[in-house]
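Since the structure comes first, as structure tokens, the remarks are kept for the end.
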Amino acid sequence: MSAYNSLTYNASLCIGCGECMMACAKAKTGSADDLSQSRIKIVVAEEGKYEAALCRQCGDAKCVMNCPSGALTKNQANGLIDWNADTCVNCLLCTVGCVYGGITFEASVGHVAKCDTCGGDPACVKVCKSGALGYVTTAAIYNDYGKEEDLFAPGLAACQGCNSELMIRHVLRKVGKNVVVAAPPGCIPGMGTVGYNGKAGAKVPIFHPLLTNTASMLAGLKRTYERQGREVTALALAGDGGASDVGFQSLSGAAERGERILFICFDNEGYMNTGMQASSATSFGSWTSTTPVGDKLQGKRTDAKNMPMVMMMHNAAYVATASSVYMEDFYEKLDKALEASKKGFAYLHLYAPCPSGWRFPAGLTIDICRLMVESNFVTLWDYEPDRGLVFTHPTDKPKPLESYLKAIGKYRHLAQEQVDRIKKLLEDRLAMLKRFAR
Amino acid sequence: MQDCTYLIVGSSHAGLTALDAIRMIDPEAPLIMATREDHLPYSPTVLPYVVSGRSIPKKVALRDEDYFKRQNVAFLRNAELKSLDVAASTARFEGGANVRYEKLLLATGAQPSIPPIPGLKDAFFHVLRTMDDALNLKSAMGSAKSALVLGAGLIGTHAAENMAEAGVKVTIVEAKGQVLPGYFDKDASALIETAFRKHGIALEFGRSVKEIKQGRAVLEDGAELPFDLLLIATGVRPQLSFLDGTGVKTANGIMVDEMQRTSAANVWAAGDCAEARMFQAQGTGVAGILPIAVEQGRIAGQAMVGDHGVKAFPGSVLLNTYSFFGQQAISVGIGEVADGETCLRIDEAAGTYLKIVLKDGKLMGVASVNNPIDPGILWQLILRRTDLSEVKDRFLADPKAVGRMLMSRLWR
């Protein structure tokens with residue numbers, strides 16, 4: 001089984017310019033004159049609104065089931081529904097099976113025609129200026145890493161909808177078995193990664209340092225391995241408390257010394273496993289159990305410490321921010337971080353919205369992750385000393401900040417002036433980051 | 001005695017779709033697919049194209065040997081079902097093989113129905129339902145100068161076209177007044193008939209054969225039609241003698257409920273042998289069309305394997321596609337309805353036809369000749385009883401574009 005790339009259409013963005021149909025007709029017939037030759041059909045829904053019909057390359061395609069001559073087949077390698085001109089008998093039963101108008105009889109060529117995604121490089125997507133058409137290749141990640149062993153035990157006891165559990169499993173699939181993992185107090189050991197009752201929660205060496213000494217213990221282990229002549233990845237999976245508060249001294253020291261370790265911070269903006277207390281990473285205005293909402297206090301009174309910027313100022317070998325909605329970007333950064341950790345200190349900051357502590361439905365974790373980035377509440381970038389900072393996700397057309405804040409219970413009480421303060425802070429931080437970009 | 005969890009009798013669309021639905025959930029349990037054929041699975045629908053030479057028999061197999069190996073399926077050829085013991089859950093096949101099943105799907109299809117015309121059973125005639133029939137007809141067609149086809153349904157008209165294109169002088173005799181009765185009305189059929197006459201095919205409507213004599217047919221009015229080759233294409237019906245004594249309820253086909261269950265425990269039926277509810281009419285019927293066989297096979301397979309995603313059969317909507325002499329005709333739903341509203345556009349010169357039937361703002365049926373439509377979308381609009389009142393005028397003007405718009409909005 002493979003996962004496949006897919007063509008996507010977002011009707012709300014389509015401006016009905018017809019460029020995609022012209023590009024398709026041109027790609028399929030050599031001429032853009034006859035739009036009926038396009039395999040993607042944009043239709044007018046009402047004034048200024050459009051819809052589309054095109055082949056979905058279905059997993060259980062009715063066109064294939066209905067084909068009496070074996071001319072239509074699901075290609076297991078690339079996921080496309082292949083049409084074979086030699087064996088097609090023009091019976092049109094495929095067009096009865098397809099409920100999407102994805103395979104249609106084209107009178108001018110005398111047979112049925114359907115989208116073949118131009119062999120994985122769709123011409124329509126390339127000319128779509130509105131962004132309505134997309135070609136999603138993220139599934140390649142599943143093909144690349146799905147076969148790698150999950151190095152955490154099944155049944156970790158993270159909360160429902162936990163983004164951190166998802167991401168630590170991804171991290172270790174990529175890092176592999178040649179690793180020693182430090183998991184300081186926090187949600188990650190709390191969900192059972194270091195084990196319970198003498199049973200390990202990970203299939204690789206993992207230990208439980210103090211909150212204060214994670215980076216220094218890990219640096220010591222790494223040096224010991226090096227002295228033995230062994231190249232082992234030294235990896236910390238810490239929370240924002242273990243990075244920006246209690247563990248900050250040892251982390252800062254290790255970065256300053258250029259210890260060859262990879263420190264990953266899962267930022268859920270607080271001490272979530274001990275009862276949702278605020279940390280220095282908790283954002284302004286957030287409700288937490290130590291920054292309550294009442295007569296005197298309206299959530300947290302101070303701004304969040306921006307740890308990735310702080311780590312960048314240590315001149316670490318590699319610093320990056322990442323989110324679980326942009327997995328290709330995340331894996332690229334993880335690759336770079338692993339490589340950098342062979343020469344110096346690498347720091348990866350993962351945004352990890354927490355359904356339990358932030359008060360949003362567990363099923364919305366990924367949507368919140370996406371909104372967080374799309375509203376510029378956080379920005380995705382990476383940094384190397386001799387290259388400077390590069391944004392890896394555009395920041396120029398953010399969604400309204402309110403759409404993000406309103407989706408999360410811990411901001412429910414916010415007054416307009418609090419929202420304005422957050423807006424100003426985000427704008428200032430973005431402007432500051434832009435000055436580091438080369 | 002062989003034992004298996006699933007026994008599927010029949011290896012065309014209904015059986016194969018059921019097999020895939022079962023293997024989606026249960027890749028392991030012993031499964032036997034039995035067919036009376038000596039061939040790999042194929043579709044009866046492709047046979048006219050085998051006759052014409054458009055399709056090569058070797059290339060029309062819907063599955064290859066490797067497929068059965070990969071799916072862990074025992075594929076039994078030359079195994080015609082002879083009898084069932086539904087109490088003991090056993091099936092006996094031609095040649096004496098016995099299979100004990102836990103769950104059985106009957107997807108045995110249909111066989112040509114031969115009219116009781118005096119002299120016919122002593123005459124040599126062709127039918128077109130199996131690969132061997134097609135190969136026989138193809139070779140006989142080569143040496144025949146004239147052919148008589150009884151029946152102007154899909155098989156009769158397809159075969160007549162094939163023979164005419166091969167240079168045979170063809171006459172079709174049809175008791176009803178038009179070609180493809182049941183799918184197209186007289187106006188649409190007239191366009192199709194024009195193409196047939198243009199290609200030298202004689203159409204004898206409203207006439208029937210009284211007697212078959214050596215090399216000629218005697219019509220009821222005494223007229224005689226000579227032939228070198230006789231093709232009987234007066235319809236098909238399920239051959240269900242294997243159910244004798246089982247008590248399994250049948251009418252024209254094997255009676256099934258909305259999950260394709262028969263009246264016997266652990267026995268399902270799907271495709272051309274099954275009689276299920278109709279969507280646009282009271283009562284039940286044997287739909288006898290490929291897309292319905294696929295729908296039913298999938299439901300039966302899902303029900304047999306306990307797939308929670310199974311959805312009840314909504315009822316058969318009559319639909320078909322028909323290609324003739326490079327032209328296309330499509331019909332979906334019903335062409336006439338009491339208190340309905342009909343929009344008809346015929347261009348005889350261009351040979352195009354489009355009929356849309358609505359009732360209470362909902363689509364009842366569409367028929368078209370050389371007027372491309374999306375039958376799959378229209379079928380869904382009928383099944384969903386989508387209210388078209390608000391877009392009626394636009395829909396009647398351009399059913400293709402508006403159908404696509406509705407699809408994209410309603411079930412994208």
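Within each chain, counting starts at residue 1; across the structure tokens, chains are named A, B, ... in the order shown, with ligands numbered 1 upward in that order.
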Q: Kindly provide, as a ChimeraX atom specification, the residues of chain B having any atom no farther than 7 Å from an atom of chain A, counting only C-alpha atoms.
A: /B:17,43,45-46,49,55,60-62,290-291,294,321-323,372,374-377,380,401,404-405,407-408
Q.
Env of A:Lys129: 12 Å cut, atoms = only C-alpha atoms, seq-sep filter 3 positions within chain, self excluded. Answer as number ranges by chain.
A. A: 13-20, 124-126, 132-134
Just-selected residues, all heavy atoms written as a PDB file, in the first residue's frame:
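And here's selection.pdb as it stands now:
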ATOM      1  N   LEU A  13     -11.772  29.836  -3.299  1.00  0.00           N
ATOM      2  CA  LEU A  13     -10.692  30.671  -3.833  1.00  0.00           C
ATOM      3  C   LEU A  13     -10.781  30.878  -5.345  1.00  0.00           C
ATOM      4  O   LEU A  13     -10.114  31.743  -5.907  1.00  0.00           O
ATOM      5  CB  LEU A  13      -9.330  30.046  -3.502  1.00  0.00           C
ATOM      6  CG  LEU A  13      -8.961  29.940  -2.010  1.00  0.00           C
ATOM      7  CD1 LEU A  13      -7.633  29.228  -1.846  1.00  0.00           C
ATOM      8  CD2 LEU A  13      -8.903  31.325  -1.384  1.00  0.00           C
ATOM      9  N   CYS A  14     -11.609  30.047  -6.009  1.00  0.00           N
ATOM     10  CA  CYS A  14     -11.618  30.052  -7.483  1.00  0.00           C
ATOM     11  C   CYS A  14     -12.240  31.348  -8.003  1.00  0.00           C
ATOM     12  O   CYS A  14     -13.293  31.782  -7.548  1.00  0.00           O
ATOM     13  CB  CYS A  14     -12.408  28.848  -7.982  1.00  0.00           C
ATOM     14  SG  CYS A  14     -12.434  28.710  -9.780  1.00  0.00           S
ATOM     15  N   ILE A  15     -11.558  31.975  -8.985  1.00  0.00           N
ATOM     16  CA  ILE A  15     -12.084  33.204  -9.585  1.00  0.00           C
ATOM     17  C   ILE A  15     -12.623  32.959 -10.999  1.00  0.00           C
ATOM     18  O   ILE A  15     -12.980  33.899 -11.707  1.00  0.00           O
ATOM     19  CB  ILE A  15     -10.989  34.297  -9.627  1.00  0.00           C
ATOM     20  CG1 ILE A  15      -9.741  33.773 -10.332  1.00  0.00           C
ATOM     21  CG2 ILE A  15     -10.651  34.769  -8.215  1.00  0.00           C
ATOM     22  CD1 ILE A  15      -8.720  34.841 -10.666  1.00  0.00           C
ATOM     23  N   GLY A  16     -12.665  31.696 -11.401  1.00  0.00           N
ATOM     24  CA  GLY A  16     -13.261  31.358 -12.690  1.00  0.00           C
ATOM     25  C   GLY A  16     -12.527  31.906 -13.899  1.00  0.00           C
ATOM     26  O   GLY A  16     -13.130  32.135 -14.941  1.00  0.00           O
ATOM     27  N   CYS A  17     -11.217  32.081 -13.778  1.00  0.00           N
ATOM     28  CA  CYS A  17     -10.464  32.685 -14.880  1.00  0.00           C
ATOM     29  C   CYS A  17     -10.318  31.729 -16.072  1.00  0.00           C
ATOM     30  O   CYS A  17     -10.092  32.172 -17.191  1.00  0.00           O
ATOM     31  CB  CYS A  17      -9.094  33.153 -14.409  1.00  0.00           C
ATOM     32  SG  CYS A  17      -7.994  31.807 -13.909  1.00  0.00           S
ATOM     33  N   GLY A  18     -10.458  30.429 -15.821  1.00  0.00           N
ATOM     34  CA  GLY A  18     -10.386  29.475 -16.926  1.00  0.00           C
ATOM     35  C   GLY A  18      -8.981  29.120 -17.372  1.00  0.00           C
ATOM     36  O   GLY A  18      -8.803  28.319 -18.297  1.00  0.00           O
ATOM     37  N   GLU A  19      -7.984  29.676 -16.705  1.00  0.00           N
ATOM     38  CA  GLU A  19      -6.591  29.379 -17.103  1.00  0.00           C
ATOM     39  C   GLU A  19      -6.300  27.879 -16.999  1.00  0.00           C
ATOM     40  O   GLU A  19      -5.578  27.317 -17.823  1.00  0.00           O
ATOM     41  CB  GLU A  19      -5.608  30.143 -16.203  1.00  0.00           C
ATOM     42  CG  GLU A  19      -5.633  31.649 -16.369  1.00  0.00           C
ATOM     43  CD  GLU A  19      -4.855  32.118 -17.596  1.00  0.00           C
ATOM     44  OE1 GLU A  19      -4.005  31.340 -18.081  1.00  0.00           O
ATOM     45  OE2 GLU A  19      -5.124  33.235 -18.069  1.00  0.00           O
ATOM     46  N   CYS A  20      -6.853  27.244 -15.949  1.00  0.00           N
ATOM     47  CA  CYS A  20      -6.573  25.813 -15.751  1.00  0.00           C
ATOM     48  C   CYS A  20      -7.095  25.000 -16.923  1.00  0.00           C
ATOM     49  O   CYS A  20      -6.428  24.077 -17.404  1.00  0.00           O
ATOM     50  CB  CYS A  20      -7.168  25.321 -14.437  1.00  0.00           C
ATOM     51  SG  CYS A  20      -8.936  25.637 -14.264  1.00  0.00           S
ATOM     52  N   CYS A 124      -2.567  22.314 -14.910  1.00  0.00           N
ATOM     53  CA  CYS A 124      -3.587  23.235 -14.404  1.00  0.00           C
ATOM     54  C   CYS A 124      -3.120  23.940 -13.123  1.00  0.00           C
ATOM     55  O   CYS A 124      -3.352  25.128 -12.942  1.00  0.00           O
ATOM     56  CB  CYS A 124      -4.885  22.466 -14.138  1.00  0.00           C
ATOM     57  SG  CYS A 124      -4.679  21.038 -13.056  1.00  0.00           S
ATOM     58  N   VAL A 125      -2.468  23.192 -12.248  1.00  0.00           N
ATOM     59  CA  VAL A 125      -2.061  23.760 -10.959  1.00  0.00           C
ATOM     60  C   VAL A 125      -1.031  24.868 -11.172  1.00  0.00           C
ATOM     61  O   VAL A 125      -1.050  25.898 -10.508  1.00  0.00           O
ATOM     62  CB  VAL A 125      -1.498  22.655 -10.032  1.00  0.00           C
ATOM     63  CG1 VAL A 125      -0.997  23.252  -8.724  1.00  0.00           C
ATOM     64  CG2 VAL A 125      -2.556  21.591  -9.767  1.00  0.00           C
ATOM     65  N   LYS A 126      -0.150  24.633 -12.137  1.00  0.00           N
ATOM     66  CA  LYS A 126       0.929  25.597 -12.369  1.00  0.00           C
ATOM     67  C   LYS A 126       0.426  26.978 -12.785  1.00  0.00           C
ATOM     68  O   LYS A 126       1.060  27.978 -12.505  1.00  0.00           O
ATOM     69  CB  LYS A 126       1.890  25.055 -13.433  1.00  0.00           C
ATOM     70  CG  LYS A 126       2.835  24.007 -12.852  1.00  0.00           C
ATOM     71  CD  LYS A 126       3.927  23.656 -13.824  1.00  0.00           C
ATOM     72  CE  LYS A 126       3.542  22.437 -14.628  1.00  0.00           C
ATOM     73  NZ  LYS A 126       4.626  21.914 -15.444  1.00  0.00           N
ATOM     74  N   ALA A 132      -6.705  28.217  -5.933  1.00  0.00           N
ATOM     75  CA  ALA A 132      -7.821  27.283  -5.776  1.00  0.00           C
ATOM     76  C   ALA A 132      -7.386  25.844  -6.046  1.00  0.00           C
ATOM     77  O   ALA A 132      -7.856  24.916  -5.406  1.00  0.00           O
ATOM     78  CB  ALA A 132      -8.959  27.662  -6.714  1.00  0.00           C
ATOM     79  N   LEU A 133      -6.479  25.680  -7.012  1.00  0.00           N
ATOM     80  CA  LEU A 133      -5.992  24.334  -7.329  1.00  0.00           C
ATOM     81  C   LEU A 133      -4.669  24.092  -6.621  1.00  0.00           C
ATOM     82  O   LEU A 133      -3.810  24.971  -6.544  1.00  0.00           O
ATOM     83  CB  LEU A 133      -5.790  24.183  -8.837  1.00  0.00           C
ATOM     84  CG  LEU A 133      -7.048  24.020  -9.679  1.00  0.00           C
ATOM     85  CD1 LEU A 133      -6.701  24.102 -11.152  1.00  0.00           C
ATOM     86  CD2 LEU A 133      -7.744  22.700  -9.374  1.00  0.00           C
ATOM     87  N   GLY A 134      -4.518  22.911  -6.110  1.00  0.00           N
ATOM     88  CA  GLY A 134      -3.263  22.554  -5.453  1.00  0.00           C
ATOM     89  C   GLY A 134      -2.887  21.118  -5.801  1.00  0.00           C
ATOM     90  O   GLY A 134      -3.728  20.344  -6.285  1.00  0.00           O
TER      91      GLY A 134
END
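Using only C-alpha atoms, the shortest contact distance between A:Thr29 and any of A:Tyr4, A:Ser280, A:Val109, A:Cys159 is found at A:Val109.
Taking only C-alpha atoms into account, B:Thr194 lies nearest to B:Ala349 out of the set B:Val366, B:Ala349, B:Ala166, B:Ala223.
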Q. Could you pull out all residues of stretch 93-294 of chain A with a DSSP call of strand (DSSP E or B) and give them as an MDAnalysis selection string?
A. chainID A and resid 103:106 111:114 133:136 152 179:182 196 199 202 206:207 233:239 262:267 271 277 288 291 293
Output N, CA, C and O atoms for every residue in the selection just made, as a short mmCIF file (atom, residue, chain, number, x, y, z; two decimals), in the first residue's frame.
data_model
loop_
_atom_site.label_atom_id
_atom_site.label_comp_id
_atom_site.auth_asym_id
_atom_site.auth_seq_id
_atom_site.Cartn_x
_atom_site.Cartn_y
_atom_site.Cartn_z
N ILE A 103 -14.95 11.32 -15.52
CA ILE A 103 -14.61 10.66 -16.79
C ILE A 103 -15.80 10.88 -17.71
O ILE A 103 -16.93 10.56 -17.36
N THR A 104 -15.55 11.51 -18.84
CA THR A 104 -16.65 11.95 -19.68
C THR A 104 -16.35 11.64 -21.14
O THR A 104 -15.19 11.56 -21.54
N PHE A 105 -17.42 11.49 -21.91
CA PHE A 105 -17.25 11.24 -23.33
C PHE A 105 -16.93 12.56 -24.03
O PHE A 105 -17.62 13.55 -23.83
N GLU A 106 -15.86 12.57 -24.80
CA GLU A 106 -15.49 13.77 -25.54
C GLU A 106 -15.73 13.52 -27.02
O GLU A 106 -14.99 12.79 -27.67
N HIS A 111 -13.88 9.41 -27.76
CA HIS A 111 -13.77 8.44 -26.67
C HIS A 111 -13.83 9.18 -25.34
O HIS A 111 -13.88 10.42 -25.30
N VAL A 112 -13.81 8.40 -24.24
CA VAL A 112 -13.84 9.05 -22.93
C VAL A 112 -12.46 9.63 -22.63
O VAL A 112 -11.44 9.18 -23.17
N ALA A 113 -12.46 10.65 -21.77
CA ALA A 113 -11.19 11.26 -21.37
C ALA A 113 -11.26 11.58 -19.89
O ALA A 113 -12.32 11.85 -19.34
N LYS A 114 -10.10 11.51 -19.25
CA LYS A 114 -10.04 11.81 -17.82
C LYS A 114 -8.68 12.37 -17.44
O LYS A 114 -7.72 12.24 -18.20
N LEU A 133 -6.48 25.68 -7.01
CA LEU A 133 -5.99 24.33 -7.33
C LEU A 133 -4.67 24.09 -6.62
O LEU A 133 -3.81 24.97 -6.54
N GLY A 134 -4.52 22.91 -6.11
CA GLY A 134 -3.26 22.55 -5.45
C GLY A 134 -2.89 21.12 -5.80
O GLY A 134 -3.73 20.34 -6.28
N TYR A 135 -1.64 20.79 -5.60
CA TYR A 135 -1.19 19.41 -5.80
C TYR A 135 -0.49 18.99 -4.52
O TYR A 135 0.60 19.48 -4.21
N VAL A 136 -1.17 18.15 -3.76
CA VAL A 136 -0.68 17.81 -2.43
C VAL A 136 0.22 16.57 -2.50
O VAL A 136 -0.21 15.51 -2.94
N PHE A 152 8.18 4.16 19.83
CA PHE A 152 7.50 4.24 21.12
C PHE A 152 6.50 3.09 21.21
O PHE A 152 5.96 2.64 20.20
N VAL A 179 20.28 6.17 19.19
CA VAL A 179 19.95 7.42 19.87
C VAL A 179 19.90 7.18 21.37
O VAL A 179 19.68 6.05 21.83
N VAL A 180 20.16 8.24 22.13
CA VAL A 180 19.83 8.21 23.55
C VAL A 180 18.94 9.41 23.80
O VAL A 180 19.24 10.52 23.34
N VAL A 181 17.80 9.15 24.46
CA VAL A 181 16.77 10.18 24.60
C VAL A 181 16.68 10.65 26.05
O VAL A 181 16.60 9.83 26.97
N ALA A 182 16.69 11.96 26.24
CA ALA A 182 16.43 12.53 27.54
C ALA A 182 15.03 13.12 27.55
O ALA A 182 14.70 13.93 26.68
N TYR A 196 6.50 2.68 32.96
CA TYR A 196 5.85 2.54 34.26
C TYR A 196 6.26 1.19 34.83
O TYR A 196 6.40 0.21 34.10
N LYS A 199 8.53 -1.21 33.16
CA LYS A 199 8.34 -1.48 31.73
C LYS A 199 8.71 -0.22 30.95
O LYS A 199 8.25 0.87 31.29
N ALA A 202 9.63 3.25 25.55
CA ALA A 202 10.28 3.46 24.26
C ALA A 202 11.13 2.24 23.95
O ALA A 202 11.53 1.50 24.84
N ILE A 206 16.24 5.49 26.91
CA ILE A 206 15.59 6.75 27.26
C ILE A 206 15.77 6.96 28.76
O ILE A 206 15.76 5.99 29.52
N PHE A 207 16.03 8.19 29.19
CA PHE A 207 16.17 8.43 30.63
C PHE A 207 15.45 9.70 31.03
O PHE A 207 15.04 10.50 30.20
N THR A 233 23.21 9.70 18.39
CA THR A 233 22.45 10.96 18.46
C THR A 233 22.00 11.18 19.90
O THR A 233 21.41 10.29 20.52
N ALA A 234 22.28 12.38 20.41
CA ALA A 234 21.82 12.75 21.75
C ALA A 234 20.63 13.67 21.59
O ALA A 234 20.75 14.76 21.02
N LEU A 235 19.47 13.22 22.07
CA LEU A 235 18.22 13.91 21.76
C LEU A 235 17.45 14.23 23.03
O LEU A 235 17.24 13.35 23.87
N ALA A 236 17.03 15.48 23.17
CA ALA A 236 16.16 15.84 24.29
C ALA A 236 14.76 16.09 23.77
O ALA A 236 14.57 16.77 22.76
N LEU A 237 13.76 15.50 24.45
CA LEU A 237 12.36 15.76 24.14
C LEU A 237 11.77 16.43 25.37
O LEU A 237 11.38 15.76 26.33
N ALA A 238 11.77 17.76 25.34
CA ALA A 238 11.39 18.51 26.54
C ALA A 238 10.18 19.38 26.27
O ALA A 238 9.84 19.65 25.11
N GLY A 239 9.53 19.82 27.35
CA GLY A 239 8.42 20.75 27.20
C GLY A 239 8.93 22.18 27.27
O GLY A 239 10.15 22.42 27.42
N LEU A 262 20.81 17.45 20.00
CA LEU A 262 19.59 18.03 19.41
C LEU A 262 18.55 18.16 20.51
O LEU A 262 18.13 17.16 21.11
N PHE A 263 18.16 19.39 20.77
CA PHE A 263 17.18 19.68 21.82
C PHE A 263 15.87 20.07 21.16
O PHE A 263 15.80 21.07 20.45
N ILE A 264 14.82 19.26 21.38
CA ILE A 264 13.51 19.60 20.79
C ILE A 264 12.58 20.04 21.91
O ILE A 264 12.40 19.32 22.90
N CYS A 265 12.01 21.22 21.73
CA CYS A 265 11.06 21.75 22.71
C CYS A 265 9.65 21.63 22.15
O CYS A 265 9.36 22.13 21.06
N PHE A 266 8.77 20.91 22.88
CA PHE A 266 7.35 20.80 22.51
C PHE A 266 6.61 21.87 23.30
O PHE A 266 6.40 21.72 24.49
N ASP A 267 6.26 22.95 22.61
CA ASP A 267 5.74 24.14 23.27
C ASP A 267 4.21 24.09 23.36
O ASP A 267 3.52 24.40 22.41
N TYR A 271 2.67 24.24 32.03
CA TYR A 271 2.94 22.95 32.71
C TYR A 271 1.65 22.15 32.69
O TYR A 271 0.90 22.12 33.65
N GLN A 277 -0.39 24.93 34.88
CA GLN A 277 0.16 26.17 35.38
C GLN A 277 0.87 26.93 34.25
O GLN A 277 1.32 26.33 33.29
N THR A 288 -4.69 30.23 32.72
CA THR A 288 -4.09 28.98 33.22
C THR A 288 -4.50 28.89 34.68
O THR A 288 -5.11 29.82 35.22
N THR A 291 -2.82 31.74 36.31
CA THR A 291 -3.17 33.07 35.79
C THR A 291 -4.67 33.09 35.52
O THR A 291 -5.11 33.13 34.37
N VAL A 293 -8.84 33.94 35.60
CA VAL A 293 -9.65 35.06 35.13
C VAL A 293 -10.62 35.42 36.23
O VAL A 293 -11.38 34.56 36.70
#
Q: Could you please determine the separation between atom CA of A:Gly155 and atom CA of A:Ser324 in Å, to one decimal place?
A: 20.6 Å
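Summary of the local environment: counting only C-alpha atoms, residues at most 7 Å from A:Lys300, other than itself and those fewer than 2 positions away along its chain, are Phe284, Gly285, Ser286, Trp287, Thr291, Gln298 and Thr302 of chain A.
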Writing out the chosen residues with all heavy atoms as a PDB file, in the first residue's frame:
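Heads up, here's the output in result28.pdb:
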ATOM      1  N   PHE A 284       0.421  35.913  26.350  1.00  0.00           N
ATOM      2  CA  PHE A 284      -0.276  36.995  27.061  1.00  0.00           C
ATOM      3  C   PHE A 284      -1.789  36.773  27.019  1.00  0.00           C
ATOM      4  O   PHE A 284      -2.343  36.456  25.974  1.00  0.00           O
ATOM      5  CB  PHE A 284       0.063  38.353  26.440  1.00  0.00           C
ATOM      6  CG  PHE A 284      -0.764  39.478  27.009  1.00  0.00           C
ATOM      7  CD1 PHE A 284      -0.422  40.039  28.240  1.00  0.00           C
ATOM      8  CD2 PHE A 284      -1.888  39.945  26.346  1.00  0.00           C
ATOM      9  CE1 PHE A 284      -1.204  41.059  28.774  1.00  0.00           C
ATOM     10  CE2 PHE A 284      -2.673  40.953  26.872  1.00  0.00           C
ATOM     11  CZ  PHE A 284      -2.324  41.516  28.097  1.00  0.00           C
ATOM     12  N   GLY A 285      -2.421  36.971  28.179  1.00  0.00           N
ATOM     13  CA  GLY A 285      -3.880  36.882  28.236  1.00  0.00           C
ATOM     14  C   GLY A 285      -4.417  35.482  28.458  1.00  0.00           C
ATOM     15  O   GLY A 285      -5.607  35.311  28.711  1.00  0.00           O
ATOM     16  N   SER A 286      -3.542  34.451  28.363  1.00  0.00           N
ATOM     17  CA  SER A 286      -4.018  33.071  28.502  1.00  0.00           C
ATOM     18  C   SER A 286      -4.560  32.801  29.888  1.00  0.00           C
ATOM     19  O   SER A 286      -3.948  33.192  30.887  1.00  0.00           O
ATOM     20  CB  SER A 286      -2.865  32.085  28.276  1.00  0.00           C
ATOM     21  OG  SER A 286      -2.402  32.136  26.971  1.00  0.00           O
ATOM     22  N   TRP A 287      -5.708  32.088  29.927  1.00  0.00           N
ATOM     23  CA  TRP A 287      -6.126  31.516  31.197  1.00  0.00           C
ATOM     24  C   TRP A 287      -5.244  30.307  31.477  1.00  0.00           C
ATOM     25  O   TRP A 287      -5.019  29.474  30.588  1.00  0.00           O
ATOM     26  CB  TRP A 287      -7.585  31.060  31.126  1.00  0.00           C
ATOM     27  CG  TRP A 287      -7.940  30.211  32.326  1.00  0.00           C
ATOM     28  CD1 TRP A 287      -8.426  30.642  33.506  1.00  0.00           C
ATOM     29  CD2 TRP A 287      -7.746  28.785  32.456  1.00  0.00           C
ATOM     30  NE1 TRP A 287      -8.558  29.595  34.378  1.00  0.00           N
ATOM     31  CE2 TRP A 287      -8.156  28.437  33.769  1.00  0.00           C
ATOM     32  CE3 TRP A 287      -7.265  27.790  31.603  1.00  0.00           C
ATOM     33  CZ2 TRP A 287      -8.099  27.128  34.256  1.00  0.00           C
ATOM     34  CZ3 TRP A 287      -7.197  26.486  32.086  1.00  0.00           C
ATOM     35  CH2 TRP A 287      -7.621  26.153  33.401  1.00  0.00           C
ATOM     36  N   THR A 291      -2.825  31.739  36.314  1.00  0.00           N
ATOM     37  CA  THR A 291      -3.174  33.068  35.788  1.00  0.00           C
ATOM     38  C   THR A 291      -4.674  33.087  35.519  1.00  0.00           C
ATOM     39  O   THR A 291      -5.108  33.128  34.369  1.00  0.00           O
ATOM     40  CB  THR A 291      -2.403  33.392  34.487  1.00  0.00           C
ATOM     41  OG1 THR A 291      -2.692  32.374  33.519  1.00  0.00           O
ATOM     42  CG2 THR A 291      -0.915  33.466  34.710  1.00  0.00           C
ATOM     43  N   GLN A 298      -6.981  39.089  34.431  1.00  0.00           N
ATOM     44  CA  GLN A 298      -7.665  38.625  33.214  1.00  0.00           C
ATOM     45  C   GLN A 298      -6.700  37.764  32.416  1.00  0.00           C
ATOM     46  O   GLN A 298      -6.344  38.058  31.293  1.00  0.00           O
ATOM     47  CB  GLN A 298      -8.116  39.827  32.378  1.00  0.00           C
ATOM     48  CG  GLN A 298      -9.263  40.619  32.983  1.00  0.00           C
ATOM     49  CD  GLN A 298     -10.547  39.813  33.017  1.00  0.00           C
ATOM     50  OE1 GLN A 298     -10.951  39.261  31.985  1.00  0.00           O
ATOM     51  NE2 GLN A 298     -11.181  39.707  34.178  1.00  0.00           N
ATOM     52  N   THR A 302       1.910  38.913  31.398  1.00  0.00           N
ATOM     53  CA  THR A 302       3.164  39.183  30.690  1.00  0.00           C
ATOM     54  C   THR A 302       3.184  38.451  29.354  1.00  0.00           C
ATOM     55  O   THR A 302       2.462  37.481  29.156  1.00  0.00           O
ATOM     56  CB  THR A 302       4.369  38.703  31.518  1.00  0.00           C
ATOM     57  OG1 THR A 302       4.153  37.319  31.835  1.00  0.00           O
ATOM     58  CG2 THR A 302       4.510  39.507  32.791  1.00  0.00           C
TER      59      THR A 302
END
**Q.** For stretch 9-15 of chain B: contacts at 8 Å, only C-alpha atoms, fewer than 2 positions along chain excluded, given as number ranges by chain
**A.** A: 65-66; B: 7, 17-19, 33-36, 41-44, 81, 104-109, 270-271, 290, 293-298
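All residues of protein, DNA or RNA that reach within 12 Å of B:Ala217, judged by only C-alpha atoms and not counting those fewer than 5 positions away in the chain, are B:Ile117, B:Pro118, B:Gly119, B:Leu120, B:Ala123, B:Phe125, B:Ala147, B:Leu148, B:Val149, B:Leu150, B:Thr171, B:Ile172, B:Val173, B:Arg207, B:Ser208, B:Val209, B:Lys210, B:Glu211, B:Ile212, B:Gly222, B:Ala223, B:Glu224, B:Leu225, B:Pro226, B:Phe227, B:Asp228, B:Leu229, B:Leu230, B:Leu231.
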